[in-house]
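Chemist: See start-v4.csv below, with CSV, C-alpha atoms.
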chain,number,residue,atom,x,y,z
M,1,MET,CA,54.2,32.3,-3.6
M,2,ILE,CA,52.6,30.7,-0.6
M,3,ASN,CA,50.1,33.0,1.2
M,4,VAL,CA,50.6,33.1,4.9
M,5,ASP,CA,47.7,35.3,5.8
M,6,HIS,CA,46.2,32.4,7.8
M,7,ARG,CA,48.8,33.2,10.4
M,8,ASN,CA,47.3,36.6,11.2
M,9,SER,CA,44.5,35.2,13.4
M,10,ILE,CA,46.7,32.9,15.5
M,11,GLY,CA,46.0,33.1,19.2
M,12,HIS,CA,47.8,31.8,22.2
M,13,HIS,CA,47.2,28.1,22.5
M,14,SER,CA,49.0,25.3,24.4
M,15,LYS,CA,50.8,22.5,22.7
M,16,GLU,CA,48.0,20.2,23.9
M,17,GLU,CA,45.4,22.4,22.1
M,18,TYR,CA,47.4,22.3,18.9
M,19,GLU,CA,47.4,18.5,19.1
M,20,GLY,CA,43.7,18.4,19.9
M,21,TYR,CA,42.8,20.7,17.0
M,22,SER,CA,45.0,18.6,14.6
M,23,LYS,CA,43.2,15.4,15.7
M,24,LEU,CA,39.8,17.1,15.2
M,25,LEU,CA,40.7,18.3,11.7
M,26,VAL,CA,42.0,14.9,10.7
M,27,SER,CA,38.9,13.2,12.1
M,28,SER,CA,36.6,15.6,10.2
M,29,LEU,CA,38.6,15.5,6.9
M,30,SER,CA,39.0,11.7,6.9
M,31,LYS,CA,35.3,11.3,6.5
M,32,ILE,CA,35.5,12.9,3.0
M,33,ASP,CA,35.4,10.0,0.5
M,34,PHE,CA,37.7,11.5,-2.1
M,35,ILE,CA,40.6,12.2,0.4
M,36,SER,CA,43.0,9.3,0.2
M,37,SER,CA,45.6,10.4,2.7
M,38,ILE,CA,46.2,13.1,5.4
M,39,VAL,CA,49.7,14.0,6.5
M,40,VAL,CA,50.5,16.3,9.4
M,41,CYS,CA,53.8,18.1,9.0
M,42,GLY,CA,55.4,21.4,10.0
M,43,SER,CA,56.2,22.4,13.6
M,44,LEU,CA,53.6,20.0,15.1
M,45,ALA,CA,55.2,17.0,13.5
M,46,LYS,CA,58.6,18.3,14.4
M,47,ASN,CA,57.7,18.8,18.1
M,48,ASP,CA,58.6,22.5,17.6
M,49,ILE,CA,55.3,24.3,18.4
M,50,VAL,CA,55.6,28.0,19.4
M,51,PRO,CA,52.3,29.3,20.8
M,52,GLY,CA,51.1,32.3,18.9
M,53,TRP,CA,53.5,31.7,16.0
M,54,SER,CA,53.0,28.1,14.8
M,55,ASP,CA,50.1,27.0,12.6
M,56,ILE,CA,49.0,23.5,11.8
M,57,ASP,CA,50.3,22.1,8.5
M,58,LEU,CA,48.3,19.5,6.6
M,59,ILE,CA,48.8,17.8,3.3
M,60,LEU,CA,45.8,16.2,1.7
M,61,PHE,CA,46.1,13.6,-1.1
M,62,LEU,CA,43.0,13.6,-3.3
M,63,GLU,CA,41.9,10.9,-5.7
M,64,SER,CA,42.7,11.9,-9.2
M,65,SER,CA,39.8,10.3,-11.1
M,66,HIS,CA,36.9,12.8,-10.3
M,67,ARG,CA,38.2,16.3,-10.1
M,68,SER,CA,35.8,19.0,-9.2
M,69,ILE,CA,35.8,22.5,-7.8
M,70,ASP,CA,33.1,21.2,-5.5
M,71,GLN,CA,35.7,19.1,-3.7
M,72,LEU,CA,37.6,22.2,-2.6
M,73,ASP,CA,34.3,23.6,-1.3
M,74,VAL,CA,33.7,20.5,0.7
M,75,ILE,CA,37.1,20.6,2.3
M,76,LYS,CA,36.7,24.3,3.1
M,77,ALA,CA,33.3,23.6,4.8
M,78,LYS,CA,34.8,20.8,6.9
M,79,ILE,CA,37.7,22.9,8.1
M,80,LYS,CA,35.4,25.8,8.9
M,81,SER,CA,33.1,23.6,10.9
M,82,ALA,CA,36.0,22.1,12.9
M,83,SER,CA,37.6,25.5,13.6
M,84,LYS,CA,35.0,27.2,15.7
M,85,GLU,CA,36.9,26.7,19.1
M,86,TYR,CA,40.4,27.6,18.0
M,87,ARG,CA,42.4,30.6,16.7
M,88,ILE,CA,45.1,28.6,15.0
M,89,GLY,CA,46.0,29.1,11.4
M,90,ILE,CA,46.0,26.1,9.0
M,91,GLY,CA,48.6,25.7,6.3
M,92,LEU,CA,47.0,23.5,3.8
M,93,ASP,CA,48.6,21.7,0.8
M,94,ILE,CA,46.2,19.9,-1.5
M,95,THR,CA,47.7,17.6,-4.2
M,96,TYR,CA,46.1,15.0,-6.5
M,97,ILE,CA,47.9,11.6,-6.3
M,98,ASP,CA,48.8,11.6,-10.0
M,99,GLU,CA,50.4,15.0,-9.7
M,100,PHE,CA,52.5,13.9,-6.8
M,101,LEU,CA,53.7,10.7,-8.4
M,102,THR,CA,54.4,12.5,-11.7
M,103,THR,CA,56.5,15.3,-10.2
M,104,ASN,CA,58.0,13.4,-7.2
M,105,LYS,CA,57.0,16.3,-5.0
M,106,ILE,CA,54.2,18.1,-3.3
M,107,CYS,CA,53.2,20.2,-6.3
M,108,GLY,CA,54.3,23.8,-6.0
M,109,ARG,CA,56.6,23.0,-3.1
M,110,PRO,CA,60.4,22.6,-3.1
M,111,LEU,CA,61.8,19.1,-3.6
M,112,MET,CA,63.8,19.6,-0.4
M,113,MET,CA,60.6,20.2,1.6
M,114,THR,CA,58.9,17.1,0.1
M,115,TYR,CA,61.8,14.9,1.2
M,116,GLU,CA,61.9,16.5,4.6
M,117,VAL,CA,58.2,15.7,5.0
M,118,LYS,CA,58.8,12.1,3.7
M,119,HIS,CA,61.3,11.8,6.6
M,120,TYR,CA,59.4,13.3,9.5
M,121,GLY,CA,55.7,13.8,8.5
M,122,LYS,CA,53.0,11.8,10.3
M,123,ILE,CA,50.6,9.9,8.2
M,124,GLU,CA,47.4,10.3,10.2
M,125,PHE,CA,45.0,8.8,7.7
M,126,GLY,CA,45.2,6.6,4.6
M,127,LEU,CA,48.1,5.5,2.5
M,128,ASN,CA,51.8,6.7,2.6
M,129,TYR,CA,52.4,8.0,-0.9
M,130,PHE,CA,55.9,9.2,0.1
M,131,GLU,CA,57.1,5.6,-0.1
M,132,LYS,CA,56.5,5.7,-3.8
M,133,ILE,CA,58.8,8.6,-4.7
M,134,GLU,CA,62.5,8.2,-5.6
M,135,GLU,CA,65.3,7.9,-3.1
M,136,ILE,CA,66.7,11.3,-2.1
M,137,LYS,CA,70.2,10.5,-3.6
M,138,LEU,CA,68.5,10.4,-7.0
M,139,VAL,CA,67.2,13.9,-6.8
M,140,SER,CA,70.1,15.5,-4.8
M,141,ASN,CA,71.3,17.4,-7.9
M,142,SER,CA,67.9,18.8,-8.5
M,143,ILE,CA,67.7,20.0,-4.9
M,144,GLU,CA,71.0,21.9,-5.3
M,145,ILE,CA,69.8,23.5,-8.6
M,146,GLU,CA,66.6,24.8,-7.0
M,147,ARG,CA,68.3,26.3,-3.9
M,148,LYS,CA,69.3,29.7,-5.3
M,149,PRO,CA,66.0,30.3,-7.2
M,150,LEU,CA,64.1,29.5,-4.0
M,151,ILE,CA,66.1,32.1,-2.1
M,152,LEU,CA,65.6,34.6,-4.8
M,153,ALA,CA,61.8,34.0,-4.9
M,154,GLU,CA,61.7,34.5,-1.1
M,155,LEU,CA,63.6,37.8,-1.3
M,156,HIS,CA,61.4,38.9,-4.3
M,157,SER,CA,58.3,38.4,-2.2
M,158,TRP,CA,59.7,40.2,0.8
M,159,ARG,CA,60.8,43.2,-1.3
M,160,ARG,CA,57.3,43.4,-2.9
M,161,ILE,CA,55.7,43.6,0.5
M,162,TYR,CA,58.3,46.1,1.8
M,163,THR,CA,57.8,48.4,-1.2
M,164,PHE,CA,54.0,48.4,-1.4
M,165,SER,CA,52.6,47.2,1.9
M,166,LYS,CA,55.0,47.8,4.7
M,167,GLU,CA,53.4,51.1,5.9
M,168,SER,CA,50.0,49.4,6.3
M,169,ILE,CA,51.3,46.5,8.3
M,170,PRO,CA,51.5,46.8,12.2
M,171,PRO,CA,55.1,46.7,13.4
M,172,ASN,CA,54.7,43.4,15.2
M,173,LYS,CA,53.3,41.8,12.1
M,174,TRP,CA,56.1,43.2,10.0
M,175,LEU,CA,58.6,41.8,12.5
M,176,PHE,CA,56.9,38.4,11.9
M,177,GLU,CA,57.0,38.8,8.1
M,178,CYS,CA,60.7,39.7,8.1
M,179,SER,CA,61.7,37.0,10.6
M,180,LYS,CA,59.7,34.3,8.7
M,181,SER,CA,61.4,35.2,5.4
M,182,LEU,CA,64.8,34.9,7.0
M,183,LEU,CA,63.9,31.6,8.6
M,184,ARG,CA,62.7,30.3,5.3
M,185,ILE,CA,66.0,31.2,3.7
M,186,MET,CA,67.8,29.4,6.6
M,187,GLN,CA,65.8,26.3,5.9
M,188,ILE,CA,66.5,26.5,2.2
M,189,GLU,CA,70.2,27.0,2.8
M,190,THR,CA,70.5,23.9,5.0
M,191,GLY,CA,67.7,21.7,3.6
M,192,PRO,CA,66.8,19.0,3.3
M,193,ASN,CA,67.0,18.7,7.0
M,194,LEU,CA,66.7,15.0,7.9
M,195,ILE,CA,68.5,14.7,11.3
M,196,ARG,CA,66.5,15.2,14.5
M,197,PRO,CA,65.9,17.4,16.3
M,198,LEU,CA,64.3,19.3,13.4
M,199,ASN,CA,63.7,22.6,15.4
M,200,SER,CA,64.9,26.0,14.3
M,201,GLU,CA,67.8,26.1,16.7
M,202,SER,CA,69.2,22.8,15.3
M,203,VAL,CA,68.9,24.2,11.8
M,204,LEU,CA,70.6,27.4,12.8
M,205,ARG,CA,73.6,25.6,14.3
M,206,LYS,CA,73.9,23.8,11.0
M,207,LEU,CA,73.8,27.1,9.1
M,208,LEU,CA,76.3,28.9,11.3
M,209,LYS,CA,78.9,26.3,10.3
M,210,LYS,CA,78.8,27.6,6.7
M,211,ASP,CA,81.7,29.8,5.6
M,212,PHE,CA,79.6,32.2,3.4
M,213,LEU,CA,77.8,34.0,6.2
M,214,SER,CA,79.2,37.4,7.4
M,215,LYS,CA,79.2,38.3,11.1
M,216,ASP,CA,76.1,40.6,10.6
M,217,GLN,CA,74.3,37.8,8.8
M,218,LYS,CA,75.0,35.4,11.6
M,219,ILE,CA,73.6,37.9,14.1
M,220,ALA,CA,70.5,38.4,11.9
M,221,PHE,CA,69.7,34.7,11.6
M,222,SER,CA,70.3,34.2,15.3
M,223,THR,CA,67.9,37.1,16.1
M,224,ALA,CA,65.2,35.6,13.8
M,225,VAL,CA,65.5,32.3,15.6
M,226,GLU,CA,65.2,34.0,19.0
M,227,ILE,CA,62.2,36.0,17.8
M,228,ARG,CA,60.4,32.8,16.8
M,229,LYS,CA,61.3,31.1,20.0
M,230,ASN,CA,60.0,34.0,22.2
M,231,TRP,CA,57.3,35.3,19.9
M,232,ILE,CA,54.7,36.2,22.5
M,233,ASP,CA,57.3,38.4,24.2
M,234,TYR,CA,58.4,40.1,21.0
M,235,LYS,CA,54.9,40.5,19.7
M,236,ASN,CA,54.0,42.6,22.8
M,237,ARG,CA,57.1,44.7,22.9
M,238,SER,CA,56.9,48.4,22.4
M,239,PHE,CA,60.3,48.8,20.8
M,240,ILE,CA,61.3,46.3,18.1
M,241,ASP,CA,62.8,48.7,15.5
M,242,SER,CA,66.4,47.5,16.0
M,243,GLU,CA,65.4,43.8,15.3
M,244,ILE,CA,63.3,44.9,12.2
M,245,ASN,CA,66.2,46.9,10.8
M,246,LEU,CA,68.8,44.2,11.4
M,247,ILE,CA,66.8,41.5,9.7
M,248,SER,CA,65.6,43.8,6.9
M,249,GLU,CA,69.2,44.8,6.0
M,250,CYS,CA,70.2,41.1,5.9
M,251,LEU,CA,67.3,40.3,3.6
M,252,ASN,CA,67.9,43.2,1.3
M,253,ASN,CA,71.6,42.4,0.8
M,254,TYR,CA,71.6,38.6,1.2
M,255,ILE,CA,72.0,37.5,-2.4
M,256,HIS,CA,74.6,40.1,-3.2
M,257,GLU,CA,76.7,39.1,-0.2
M,258,ARG,CA,76.0,35.4,-0.5
M,259,TYR,CA,76.7,34.9,-4.2
M,260,ASN,CA,79.1,37.6,-5.2
Show me the file's structure as structure tokens.
Modeler:
Amino acid sequence: MINVDHRNSIGHHSKEEYEGYSKLLVSSLSKIDFISSIVVCGSLAKNDIVPGWSDIDLILFLESSHRSIDQLDVIKAKIKSASKEYRIGIGLDITYIDEFLTTNKICGRPLMMTYEVKHYGKIEFGLNYFEKIEEIKLVSNSIEIERKPLILAELHSWRRIYTFSKESIPPNKWLFECSKSLLRIMQIETGPNLIRPLNSESVLRKLLKKDFLSKDQKIAFSTAVEIRKNWIDYKNRSFIDSEINLISECLNNYIHERYN
């Protein structure tokens, strides 16, 4: 389960501010001697930034020889120091080089995501370790095997939040959580996505060609893409119950309708 609480503090920043903050982070982190490589991925690398929604996704490759909890403290301090002027969340993946080369993936992340990042990620500092992993055709069967469990894991996380935390979450944040869950499923169903453009609308068009989606599911996925695209507007709306209910119903019934 990937914690997305870092998104809660995201403010309204321009694309140029996202790019400036990313460069500042890379410059600061690259001075740490045990960081061997820094990769920018996610919406910034895809040229798909949505102000108020998007965060900055970084992958740090750490030298494997001298592991210490102090290393994580150093990284945390550098990020905190560089973050004073911005209200943009940071999605951070930290992997040791030997772990990456052993598993052929960013540890804890889906294979399909790893190969997507290999395709579009930007190596902003250090070596390109993605060149060392296997060709995608060699792991295509593994990607297919992991697809359904990944969707189930996403739905399990959403149901947990719905059951125990929904009432304590503001409606606009709950709309974000539901939309984000459905968008993740959309990426899982179509991934790995290797053909540009890599934005949500292009992935949606790919998904809508699938035979297994019902009419209501197609509407729910399209709504989630629209919410992401126009997030500032949706975030400030007084009435969003219909969108929440539509997406929640899709999430709750998805596996049953998709695989039965």
Chemist: Just how far from CA of Leu29 (chain M) is CA of Tyr86 (chain M), in Å to one decimal?
Modeler: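 Rounded to one decimal, the two atoms are 16.5 Å apart.
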Chemist: Which is closer to Ala82 (chain M) than all the others in M:Asn199, M:Ser54, M:Ser28, M:Thr103, using all atoms listed in the file?
Modeler: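 Residue with the minimum atom-to-atom distance to Ala82 (chain M): M:Ser28.
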Chemist: Within 10 Å of Arg205 (chain M), counting all atoms listed in the file, which residues qualify if same-chain residues fewer than 5 places away don't, as number ranges by chain?
Modeler: M: 190, 200, 210, 222
Chemist: If you measure from CA of Glu189 (chain M) to CA of Phe212 (chain M), what distance in Å do you get, rounded to one decimal?
Modeler: 10.8 Å
Chemist: CA of Tyr254 (chain M) and CA of Gln217 (chain M) are how many Å apart?
Modeler: 8.1 Å
Chemist: Rank M:Ile185, M:Glu17, M:Tyr234, M:Cys107 by their smallest atom-to-atom distance to Lys148 (chain M), using only C-alpha atoms, and report the top residue only.
Modeler: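 Under the stated criterion, the closest residue is M:Ile185.
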Chemist: In terms of the shortest atom-to-atom distance over all atoms listed in the file, which of M:Lys46, M:Lys218, M:Arg160, M:Lys122 is closest to Ile195 (chain M)?
Modeler: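 Ranking M:Lys46, M:Lys218, M:Arg160, M:Lys122 by distance to Ile195 (chain M), first place goes to M:Lys46.
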Chemist: For Ser157 (chain M), which of M:Ile227, M:Ile169, M:Cys178, M:Ile106 is the closest residue, counting only C-alpha atoms?
Modeler: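 Answer, going by the shortest atom-to-atom distance: M:Cys178.
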